[in-house]
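So this one's work.pdb, PDB, C-alpha atoms, pLDDT in the B column:
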MODEL        1
ATOM      1  CA  MET Q 718     145.879 132.206 258.657  1.00 48.00           C
ATOM      2  CA  THR Q 719     149.591 132.828 258.779  1.00 49.00           C
ATOM      3  CA  GLN Q 720     151.190 133.994 255.581  1.00 52.00           C
ATOM      4  CA  ALA Q 721     154.305 131.950 254.923  1.00 50.00           C
ATOM      5  CA  HIS Q 722     155.729 133.631 251.847  1.00 49.00           C
ATOM      6  CA  LYS Q 723     155.247 137.110 250.358  1.00 66.00           C
ATOM      7  CA  GLN Q 724     155.979 136.510 246.656  1.00 80.00           C
ATOM      8  CA  LYS Q 725     153.060 135.214 244.547  1.00 91.00           C
ATOM      9  CA  LEU Q 726     153.755 131.720 243.259  1.00 92.00           C
ATOM     10  CA  THR Q 727     152.427 129.696 240.377  1.00 91.00           C
ATOM     11  CA  PHE Q 728     151.355 126.146 241.157  1.00 89.00           C
ATOM     12  CA  GLU Q 729     154.495 124.855 239.426  1.00 90.00           C
ATOM     13  CA  GLU Q 730     156.667 127.099 241.627  1.00 92.00           C
ATOM     14  CA  TYR Q 731     154.740 125.960 244.688  1.00 91.00           C
ATOM     15  CA  LEU Q 732     155.544 122.326 243.869  1.00 88.00           C
ATOM     16  CA  THR Q 733     159.273 123.067 244.083  1.00 91.00           C
ATOM     17  CA  TYR Q 734     159.057 125.442 247.072  1.00 92.00           C
ATOM     18  CA  GLU Q 735     161.225 124.385 250.016  1.00 91.00           C
ATOM     19  CA  ASP Q 736     161.727 126.244 253.277  1.00 92.00           C
ATOM     20  CA  ASP Q 737     163.443 123.481 255.295  1.00 92.00           C
ATOM     21  CA  THR Q 738     160.509 123.139 257.711  1.00 92.00           C
ATOM     22  CA  ASP Q 739     157.861 120.474 258.242  1.00 88.00           C
ATOM     23  CA  ASN Q 740     155.114 123.023 257.562  1.00 91.00           C
ATOM     24  CA  ARG Q 741     152.269 122.197 255.203  1.00 90.00           C
ATOM     25  CA  TYR Q 742     150.834 124.960 253.052  1.00 93.00           C
ATOM     26  CA  GLU Q 743     147.806 125.721 250.950  1.00 91.00           C
ATOM     27  CA  LEU Q 744     148.343 127.868 247.882  1.00 93.00           C
ATOM     28  CA  ILE Q 745     145.631 130.541 247.871  1.00 93.00           C
ATOM     29  CA  ASP Q 746     145.679 133.253 245.213  1.00 93.00           C
ATOM     30  CA  GLY Q 747     149.390 132.627 244.657  1.00 93.00           C
ATOM     31  CA  GLU Q 748     150.279 132.962 248.354  1.00 93.00           C
ATOM     32  CA  LEU Q 749     151.408 130.230 250.723  1.00 94.00           C
ATOM     33  CA  VAL Q 750     149.190 129.912 253.777  1.00 93.00           C
ATOM     34  CA  THR Q 751     150.515 127.787 256.635  1.00 93.00           C
ATOM     35  CA  LEU Q 752     148.143 125.051 257.706  1.00 90.00           C
ATOM     36  CA  PRO Q 753     147.708 124.637 261.452  1.00 89.00           C
ATOM     37  CA  PRO Q 754     148.634 121.265 262.923  1.00 87.00           C
ATOM     38  CA  GLU Q 755     145.854 118.700 263.007  1.00 86.00           C
ATOM     39  CA  SER Q 756     143.998 118.421 266.290  1.00 88.00           C
ATOM     40  CA  GLY Q 757     144.231 115.296 268.423  1.00 91.00           C
ATOM     41  CA  PRO Q 758     140.600 114.255 267.801  1.00 90.00           C
ATOM     42  CA  ASN Q 759     140.970 114.773 264.028  1.00 90.00           C
ATOM     43  CA  ASN Q 760     144.164 112.688 263.976  1.00 91.00           C
ATOM     44  CA  PHE Q 761     142.509 109.957 266.025  1.00 93.00           C
ATOM     45  CA  ILE Q 762     139.533 109.657 263.657  1.00 94.00           C
ATOM     46  CA  ALA Q 763     141.764 109.602 260.554  1.00 92.00           C
ATOM     47  CA  ASN Q 764     144.054 106.966 262.106  1.00 92.00           C
ATOM     48  CA  TYR Q 765     141.084 104.880 263.255  1.00 93.00           C
ATOM     49  CA  LEU Q 766     139.713 104.849 259.702  1.00 93.00           C
ATOM     50  CA  LEU Q 767     143.180 104.010 258.336  1.00 91.00           C
ATOM     51  CA  PHE Q 768     143.391 101.006 260.673  1.00 91.00           C
ATOM     52  CA  THR Q 769     139.805  99.915 259.975  1.00 91.00           C
ATOM     53  CA  LEU Q 770     140.116 100.138 256.188  1.00 89.00           C
ATOM     54  CA  ALA Q 771     143.527  98.453 256.125  1.00 89.00           C
ATOM     55  CA  SER Q 772     142.494  95.618 258.445  1.00 90.00           C
ATOM     56  CA  SER Q 773     139.274  95.046 256.463  1.00 87.00           C
ATOM     57  CA  GLY Q 774     141.295  93.782 253.525  1.00 85.00           C
ATOM     58  CA  PHE Q 775     139.388  95.967 251.047  1.00 79.00           C
ATOM     59  CA  ILE Q 776     142.318  98.298 250.477  1.00 84.00           C
ATOM     60  CA  PRO Q 777     146.035  97.516 250.800  1.00 83.00           C
ATOM     61  CA  LEU Q 778     147.680  99.546 253.573  1.00 85.00           C
ATOM     62  CA  ARG Q 779     150.242 100.949 251.115  1.00 84.00           C
ATOM     63  CA  LEU Q 780     147.403 102.728 249.259  1.00 86.00           C
ATOM     64  CA  ILE Q 781     145.992 104.578 252.283  1.00 89.00           C
ATOM     65  CA  ARG Q 782     147.394 107.890 253.506  1.00 88.00           C
ATOM     66  CA  THR Q 783     146.511 110.188 256.396  1.00 89.00           C
ATOM     67  CA  HIS Q 784     147.359 113.903 256.217  1.00 84.00           C
ATOM     68  CA  MET Q 785     150.284 113.254 253.875  1.00 82.00           C
ATOM     69  CA  CYS Q 786     148.700 112.984 250.448  1.00 87.00           C
ATOM     70  CA  GLU Q 787     148.456 116.334 248.750  1.00 88.00           C
ATOM     71  CA  ILE Q 788     145.859 116.651 246.005  1.00 90.00           C
ATOM     72  CA  GLN Q 789     145.803 119.382 243.372  1.00 91.00           C
ATOM     73  CA  VAL Q 790     142.245 120.666 243.099  1.00 94.00           C
ATOM     74  CA  PRO Q 791     140.663 123.222 240.794  1.00 94.00           C
ATOM     75  CA  ILE Q 792     140.142 126.739 242.094  1.00 94.00           C
ATOM     76  CA  LEU Q 793     136.397 127.211 241.856  1.00 95.00           C
ATOM     77  CA  ARG Q 794     135.971 130.528 243.653  1.00 93.00           C
ATOM     78  CA  GLU Q 795     138.169 133.327 244.902  1.00 93.00           C
ATOM     79  CA  GLY Q 796     140.061 132.354 248.023  1.00 93.00           C
ATOM     80  CA  ASP Q 797     140.095 128.601 247.277  1.00 94.00           C
ATOM     81  CA  ALA Q 798     143.361 126.750 247.742  1.00 95.00           C
ATOM     82  CA  GLY Q 799     144.776 125.039 244.665  1.00 94.00           C
ATOM     83  CA  ASN Q 800     145.814 122.069 246.789  1.00 93.00           C
ATOM     84  CA  ARG Q 801     144.365 120.103 249.713  1.00 94.00           C
ATOM     85  CA  TYR Q 802     145.645 117.622 252.285  1.00 92.00           C
ATOM     86  CA  PRO Q 803     142.640 115.383 253.056  1.00 94.00           C
ATOM     87  CA  ASP Q 804     142.562 113.764 256.483  1.00 94.00           C
ATOM     88  CA  LEU Q 805     142.405 110.321 254.846  1.00 91.00           C
ATOM     89  CA  VAL Q 806     142.880 109.172 251.253  1.00 90.00           C
ATOM     90  CA  PRO Q 807     142.550 105.654 249.884  1.00 87.00           C
ATOM     91  CA  PRO Q 808     141.836 105.227 246.182  1.00 77.00           C
ATOM     92  CA  GLN Q 809     138.261 106.256 245.389  1.00 91.00           C
ATOM     93  CA  LEU Q 810     137.550 107.920 248.758  1.00 94.00           C
ATOM     94  CA  VAL Q 811     138.445 111.155 250.539  1.00 95.00           C
ATOM     95  CA  VAL Q 812     137.583 111.738 254.202  1.00 96.00           C
ATOM     96  CA  GLU Q 813     137.648 115.108 255.940  1.00 96.00           C
ATOM     97  CA  VAL Q 814     137.223 115.500 259.694  1.00 96.00           C
ATOM     98  CA  VAL Q 815     135.614 118.889 260.330  1.00 95.00           C
ATOM     99  CA  SER Q 816     137.688 121.221 262.460  1.00 88.00           C
ATOM    100  CA  PRO Q 817     135.974 123.503 264.986  1.00 86.00           C
ATOM    101  CA  GLY Q 818     134.923 126.977 263.846  1.00 89.00           C
ATOM    102  CA  ARG Q 819     133.074 128.471 260.910  1.00 91.00           C
ATOM    103  CA  VAL Q 820     136.120 128.631 258.624  1.00 89.00           C
ATOM    104  CA  GLY Q 821     136.852 124.902 259.005  1.00 88.00           C
ATOM    105  CA  ARG Q 822     133.195 123.988 258.568  1.00 92.00           C
ATOM    106  CA  ASP Q 823     132.826 126.101 255.408  1.00 93.00           C
ATOM    107  CA  ARG Q 824     136.065 124.692 254.007  1.00 92.00           C
ATOM    108  CA  ASP Q 825     135.021 121.030 254.522  1.00 94.00           C
ATOM    109  CA  TYR Q 826     131.305 121.342 253.734  1.00 95.00           C
ATOM    110  CA  ILE Q 827     131.517 123.796 250.810  1.00 95.00           C
ATOM    111  CA  SER Q 828     134.966 124.456 249.293  1.00 94.00           C
ATOM    112  CA  LYS Q 829     136.540 121.017 249.578  1.00 95.00           C
ATOM    113  CA  ARG Q 830     133.292 119.311 248.619  1.00 96.00           C
ATOM    114  CA  ALA Q 831     133.118 121.260 245.349  1.00 96.00           C
ATOM    115  CA  GLN Q 832     136.836 120.879 244.642  1.00 96.00           C
ATOM    116  CA  TYR Q 833     136.922 117.116 245.253  1.00 96.00           C
ATOM    117  CA  ALA Q 834     133.849 116.712 243.038  1.00 96.00           C
ATOM    118  CA  ALA Q 835     135.538 118.707 240.276  1.00 95.00           C
ATOM    119  CA  ARG Q 836     138.597 116.467 240.725  1.00 94.00           C
ATOM    120  CA  GLY Q 837     136.371 113.421 240.138  1.00 95.00           C
ATOM    121  CA  ILE Q 838     136.821 111.634 243.474  1.00 95.00           C
ATOM    122  CA  PRO Q 839     133.958 109.094 243.592  1.00 96.00           C
ATOM    123  CA  GLU Q 840     133.189 109.209 247.322  1.00 97.00           C
ATOM    124  CA  TYR Q 841     133.560 111.880 250.011  1.00 97.00           C
ATOM    125  CA  TRP Q 842     132.914 111.484 253.734  1.00 98.00           C
ATOM    126  CA  ILE Q 843     132.505 114.430 256.068  1.00 97.00           C
ATOM    127  CA  VAL Q 844     133.085 113.357 259.663  1.00 97.00           C
ATOM    128  CA  ASP Q 845     131.723 116.061 261.971  1.00 97.00           C
ATOM    129  CA  PRO Q 846     132.653 115.467 265.631  1.00 95.00           C
ATOM    130  CA  GLN Q 847     130.793 118.605 266.777  1.00 94.00           C
ATOM    131  CA  GLU Q 848     127.500 117.491 265.209  1.00 96.00           C
ATOM    132  CA  GLN Q 849     128.256 113.800 265.885  1.00 97.00           C
ATOM    133  CA  ILE Q 850     127.497 112.786 262.294  1.00 98.00           C
ATOM    134  CA  VAL Q 851     129.178 111.142 259.333  1.00 98.00           C
ATOM    135  CA  ALA Q 852     127.906 112.314 255.941  1.00 98.00           C
ATOM    136  CA  VAL Q 853     128.595 109.960 253.028  1.00 98.00           C
ATOM    137  CA  LEU Q 854     128.445 111.505 249.553  1.00 98.00           C
ATOM    138  CA  ARG Q 855     128.879 109.935 246.122  1.00 98.00           C
ATOM    139  CA  LEU Q 856     129.801 111.630 242.876  1.00 97.00           C
ATOM    140  CA  GLU Q 857     126.966 111.746 240.375  1.00 97.00           C
ATOM    141  CA  SER Q 858     127.087 113.807 237.180  1.00 96.00           C
ATOM    142  CA  GLY Q 859     129.994 115.863 238.517  1.00 95.00           C
ATOM    143  CA  GLU Q 860     128.403 116.758 241.867  1.00 96.00           C
ATOM    144  CA  TYR Q 861     128.183 115.048 245.225  1.00 97.00           C
ATOM    145  CA  VAL Q 862     124.826 113.697 246.250  1.00 98.00           C
ATOM    146  CA  GLU Q 863     124.055 112.556 249.744  1.00 98.00           C
ATOM    147  CA  VAL Q 864     124.020 108.811 250.309  1.00 98.00           C
ATOM    148  CA  GLY Q 865     123.156 109.433 253.935  1.00 98.00           C
ATOM    149  CA  VAL Q 866     123.936 111.315 257.114  1.00 98.00           C
ATOM    150  CA  PHE Q 867     124.633 108.792 259.842  1.00 98.00           C
ATOM    151  CA  GLN Q 868     124.746 109.108 263.611  1.00 98.00           C
ATOM    152  CA  GLY Q 869     124.978 106.866 266.641  1.00 97.00           C
ATOM    153  CA  GLU Q 870     124.561 103.177 265.888  1.00 97.00           C
ATOM    154  CA  GLN Q 871     123.470 103.739 262.280  1.00 98.00           C
ATOM    155  CA  ALA Q 872     125.561 101.666 259.884  1.00 97.00           C
ATOM    156  CA  LEU Q 873     127.401 103.702 257.253  1.00 97.00           C
ATOM    157  CA  ILE Q 874     126.470 102.976 253.663  1.00 97.00           C
ATOM    158  CA  SER Q 875     129.450 103.275 251.350  1.00 96.00           C
ATOM    159  CA  PRO Q 876     128.810 102.865 247.606  1.00 96.00           C
ATOM    160  CA  THR Q 877     132.544 102.321 247.036  1.00 93.00           C
ATOM    161  CA  PHE Q 878     133.029  99.873 249.913  1.00 92.00           C
ATOM    162  CA  PRO Q 879     129.648  98.153 250.450  1.00 93.00           C
ATOM    163  CA  GLN Q 880     131.271  95.406 252.559  1.00 91.00           C
ATOM    164  CA  LEU Q 881     132.466  97.945 255.128  1.00 91.00           C
ATOM    165  CA  ASN Q 882     130.802  97.317 258.480  1.00 92.00           C
ATOM    166  CA  LEU Q 883     131.055 100.589 260.428  1.00 95.00           C
ATOM    167  CA  THR Q 884     128.675 102.729 262.432  1.00 97.00           C
ATOM    168  CA  ALA Q 885     128.860 106.477 262.844  1.00 97.00           C
ATOM    169  CA  GLN Q 886     129.605 105.993 266.547  1.00 97.00           C
ATOM    170  CA  GLN Q 887     132.552 103.713 265.748  1.00 96.00           C
ATOM    171  CA  VAL Q 888     134.028 106.335 263.435  1.00 96.00           C
ATOM    172  CA  LEU Q 889     133.450 109.220 265.843  1.00 96.00           C
ATOM    173  CA  GLU Q 890     134.634 107.404 268.967  1.00 93.00           C
ATOM    174  CA  GLY Q 891     137.064 104.827 267.579  1.00 82.00           C
ATOM    175  CA  GLU Q 892     135.192 101.809 268.940  1.00 69.00           C
ATOM    176  CA  PHE Q 893     135.484  98.256 267.649  1.00 60.00           C
TER     177      PHE Q 893
ENDMDL
END
Show how you would write the structure in this file as structure tokens.
Amino acid sequence: MTQAHKQKLTFEEYLTYEDDTDNRYELIDGELVTLPPESGPNNFIANYLLFTLASSGFIPLRLIRTHMCEIQVPILREGDAGNRYPDLVPPQLVVEVVSPGRVGRDRDYISKRAQYAARGIPEYWIVDPQEQIVAVLRLESGEYVEVGVFQGEQALISPTFPQLNLTAQQVLEGEF
């Protein structure tokens, strides 16, 4: 992780921070940490889901964002960021595409999962290209419970969007 700024910031100071770059940052323990650029496969999956959700008619395109919607999340353990940039955000759903490596996996499977639950987001998908799975979780009593872990031609089950007709393979490979 590259440190972007030496002075410790409050969240309010972070919100007004400007360095005249296109960099995105996470605020961890008062320090700005530069986020690496999204990988090509991660971008492709997020954009595929954006197109699929928007063209389904379930969600207006203007309400769906990829990589650009910053969410303030509670800090639940030392080292957690106070903000996140999910790979995809429509109302009621957050999707994260797991980046390679242990740090990315831990962040998406553990830290972000707990933070999004604490934020009250009703549904969370973890798309894991390395494992070739899509995990669908729903919020129940303040914690995410597994709706299912889908792979291959298995149809995803979305409590929030039951009309959605997608398989894990379609999400992972961008097939129609």
Computed interatomic separation between CA of Leu883 in chain Q and CA of Val815 in chain Q (Å):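 Separation between CA of Leu883 in chain Q and CA of Val815 in chain Q: 18.9 Å.
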Selection dump of the PyMOL selection byres ((chain Q and resi 868) around 6), as a PDB file with C-alpha atoms, in the coordinates of the input:
ATOM      1  CA  ILE Q 850     127.497 112.786 262.294  1.00 98.00           C
ATOM      2  CA  PHE Q 867     124.633 108.792 259.842  1.00 98.00           C
ATOM      3  CA  GLY Q 869     124.978 106.866 266.641  1.00 97.00           C
ATOM      4  CA  GLN Q 871     123.470 103.739 262.280  1.00 98.00           C
ATOM      5  CA  ALA Q 885     128.860 106.477 262.844  1.00 97.00           C
TER       6      ALA Q 885
END
Just to confirm, what's the straight-line distance from CA of Arg794 in chain Q to CA of Gln832 in chain Q in Å (one decimal)?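 About the pair CA of Arg794 in chain Q and CA of Gln832 in chain Q: they are 9.7 Å apart.
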Find the nearest atom pair between each residue of range 852-879 of chain Q and range 840-844 of chain Q for residues within 10 Å, count only C-alpha atoms, give distances in Å to one decimal, sort rows by chain and ascending number, and present the table as a tab-separated table.
residue	atom	partner	partner_atom	distance
Q:Ala852	CA	Q:Ile843	CA	5.1
Q:Val853	CA	Q:Trp842	CA	4.6
Q:Leu854	CA	Q:Tyr841	CA	5.1
Q:Arg855	CA	Q:Glu840	CA	4.5
Q:Leu856	CA	Q:Glu840	CA	6.1
Q:Glu857	CA	Q:Glu840	CA	9.7
Q:Tyr861	CA	Q:Tyr841	CA	7.9
Q:Val862	CA	Q:Glu840	CA	9.6
Q:Glu863	CA	Q:Tyr841	CA	9.5
Q:Val864	CA	Q:Glu840	CA	9.7
Q:Gly865	CA	Q:Trp842	CA	10.0
Q:Val866	CA	Q:Ile843	CA	9.2
Q:Phe867	CA	Q:Val844	CA	9.6
Q:Ser875	CA	Q:Glu840	CA	8.1
Q:Pro876	CA	Q:Glu840	CA	7.7
Q:Thr877	CA	Q:Glu840	CA	6.9
Q:Phe878	CA	Q:Glu840	CA	9.7
Write a file of the just-selected residues containing C-alpha atoms, as a PDB file, in the coordinates of the input.
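The resulting file, out-v9.pdb, is shown below:
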ATOM      1  CA  ALA Q 852     127.906 112.314 255.941  1.00 98.00           C
ATOM      2  CA  VAL Q 853     128.595 109.960 253.028  1.00 98.00           C
ATOM      3  CA  LEU Q 854     128.445 111.505 249.553  1.00 98.00           C
ATOM      4  CA  ARG Q 855     128.879 109.935 246.122  1.00 98.00           C
ATOM      5  CA  LEU Q 856     129.801 111.630 242.876  1.00 97.00           C
ATOM      6  CA  GLU Q 857     126.966 111.746 240.375  1.00 97.00           C
ATOM      7  CA  TYR Q 861     128.183 115.048 245.225  1.00 97.00           C
ATOM      8  CA  VAL Q 862     124.826 113.697 246.250  1.00 98.00           C
ATOM      9  CA  GLU Q 863     124.055 112.556 249.744  1.00 98.00           C
ATOM     10  CA  VAL Q 864     124.020 108.811 250.309  1.00 98.00           C
ATOM     11  CA  GLY Q 865     123.156 109.433 253.935  1.00 98.00           C
ATOM     12  CA  VAL Q 866     123.936 111.315 257.114  1.00 98.00           C
ATOM     13  CA  PHE Q 867     124.633 108.792 259.842  1.00 98.00           C
ATOM     14  CA  SER Q 875     129.450 103.275 251.350  1.00 96.00           C
ATOM     15  CA  PRO Q 876     128.810 102.865 247.606  1.00 96.00           C
ATOM     16  CA  THR Q 877     132.544 102.321 247.036  1.00 93.00           C
ATOM     17  CA  PHE Q 878     133.029  99.873 249.913  1.00 92.00           C
TER      18      PHE Q 878
END
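Ranking Q:Gly891, Q:Pro879, Q:Pro839, Q:Pro817 by their shortest atom-to-atom distance to Phe775 in chain Q, with all atoms listed in the file included, puts Q:Pro879 first.
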Using only C-alpha atoms, find each residue of range 832-884 of chain Q with at least one atom at most 12 Å away from an atom of range 741-758 of chain Q; report its shortest atom-to-atom pair and that distance in Å (one decimal), sort the rows by chain and rising residue number, and return the result as a tab-separated table.
residue	atom	partner	partner_atom	distance
Q:Val844	CA	Q:Pro758	CA	11.1
Q:Asp845	CA	Q:Pro758	CA	10.8
Q:Pro846	CA	Q:Pro758	CA	8.3
Q:Gln847	CA	Q:Pro758	CA	10.8
Could you spell out the hits of the PyMOL selection byres ((chain Q and resi 825) around 12) on the shown file, as JSON, numbers by chain? {"Q": [797, 801, 802, 803, 804, 811, 812, 813, 814, 815, 816, 817, 818, 819, 820, 821, 822, 823, 824, 826, 827, 828, 829, 830, 831, 832, 833, 841, 842, 843, 844, 845, 852]}
Include C-alpha atoms and write out the residues we just selected as a PDB file, in the frame of the given file.
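Now in result_22.pdb:
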ATOM      1  CA  ASP Q 797     140.095 128.601 247.277  1.00 94.00           C
ATOM      2  CA  ARG Q 801     144.365 120.103 249.713  1.00 94.00           C
ATOM      3  CA  TYR Q 802     145.645 117.622 252.285  1.00 92.00           C
ATOM      4  CA  PRO Q 803     142.640 115.383 253.056  1.00 94.00           C
ATOM      5  CA  ASP Q 804     142.562 113.764 256.483  1.00 94.00           C
ATOM      6  CA  VAL Q 811     138.445 111.155 250.539  1.00 95.00           C
ATOM      7  CA  VAL Q 812     137.583 111.738 254.202  1.00 96.00           C
ATOM      8  CA  GLU Q 813     137.648 115.108 255.940  1.00 96.00           C
ATOM      9  CA  VAL Q 814     137.223 115.500 259.694  1.00 96.00           C
ATOM     10  CA  VAL Q 815     135.614 118.889 260.330  1.00 95.00           C
ATOM     11  CA  SER Q 816     137.688 121.221 262.460  1.00 88.00           C
ATOM     12  CA  PRO Q 817     135.974 123.503 264.986  1.00 86.00           C
ATOM     13  CA  GLY Q 818     134.923 126.977 263.846  1.00 89.00           C
ATOM     14  CA  ARG Q 819     133.074 128.471 260.910  1.00 91.00           C
ATOM     15  CA  VAL Q 820     136.120 128.631 258.624  1.00 89.00           C
ATOM     16  CA  GLY Q 821     136.852 124.902 259.005  1.00 88.00           C
ATOM     17  CA  ARG Q 822     133.195 123.988 258.568  1.00 92.00           C
ATOM     18  CA  ASP Q 823     132.826 126.101 255.408  1.00 93.00           C
ATOM     19  CA  ARG Q 824     136.065 124.692 254.007  1.00 92.00           C
ATOM     20  CA  TYR Q 826     131.305 121.342 253.734  1.00 95.00           C
ATOM     21  CA  ILE Q 827     131.517 123.796 250.810  1.00 95.00           C
ATOM     22  CA  SER Q 828     134.966 124.456 249.293  1.00 94.00           C
ATOM     23  CA  LYS Q 829     136.540 121.017 249.578  1.00 95.00           C
ATOM     24  CA  ARG Q 830     133.292 119.311 248.619  1.00 96.00           C
ATOM     25  CA  ALA Q 831     133.118 121.260 245.349  1.00 96.00           C
ATOM     26  CA  GLN Q 832     136.836 120.879 244.642  1.00 96.00           C
ATOM     27  CA  TYR Q 833     136.922 117.116 245.253  1.00 96.00           C
ATOM     28  CA  TYR Q 841     133.560 111.880 250.011  1.00 97.00           C
ATOM     29  CA  TRP Q 842     132.914 111.484 253.734  1.00 98.00           C
ATOM     30  CA  ILE Q 843     132.505 114.430 256.068  1.00 97.00           C
ATOM     31  CA  VAL Q 844     133.085 113.357 259.663  1.00 97.00           C
ATOM     32  CA  ASP Q 845     131.723 116.061 261.971  1.00 97.00           C
ATOM     33  CA  ALA Q 852     127.906 112.314 255.941  1.00 98.00           C
TER      34      ALA Q 852
END
As an exercise, work out the distance from CA of Leu805 in chain Q to CA of Thr738 in chain Q in Å and give it to one decimal place. 22.4 Å
From Q:Pro791, Q:Pro777, Q:Gly796, Q:Pro807, residue lying nearest Ala834 in chain Q [all atoms listed in the file]: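 Nearest candidate to Ala834 in chain Q out of Q:Pro791, Q:Pro777, Q:Gly796, Q:Pro807: Q:Pro791.
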Care to translate the PyMOL selection byres ((chain Q and resi 776) around 12) into actual residues of this file, as an MDAnalysis selection string? chainID Q and resid 766:775 777:782 806:810 877:878 880:881
Using all atoms listed in the file, give me every residue within 6 Å of (131.0, 120.4, 238.0) in file coordinates, as a tab-separated table (two decimals) with C-alpha atoms, in the frame of the given file.
chain	number	residue	atom	x	y	z
Q	835	ALA	CA	135.54	118.71	240.28
Q	859	GLY	CA	129.99	115.86	238.52
Q	860	GLU	CA	128.40	116.76	241.87
Go ahead and fit an axis-aligned box to every listed atom of range 767-771 of chain Q plus 4 Å each side, and pass me the centre and edge lengths in Å, one decimal, as JSON.
{"center_x": 141.7, "center_y": 101.2, "center_z": 258.4, "size_x": 11.7, "size_y": 13.6, "size_z": 12.5}
Using only C-alpha atoms, find the one residue out of Q:Gly837, Q:Leu873, Q:Leu793, Q:Gly799 that sits nearest to Leu726 in chain Q.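 Among the listed residues, the smallest separation from Leu726 in chain Q belongs to Q:Gly799.
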Using only C-alpha atoms, find the one residue out of Q:Phe728, Q:Asp739, Q:Glu870, Q:Val851 that sits nearest to Asn800 in chain Q. Q:Phe728
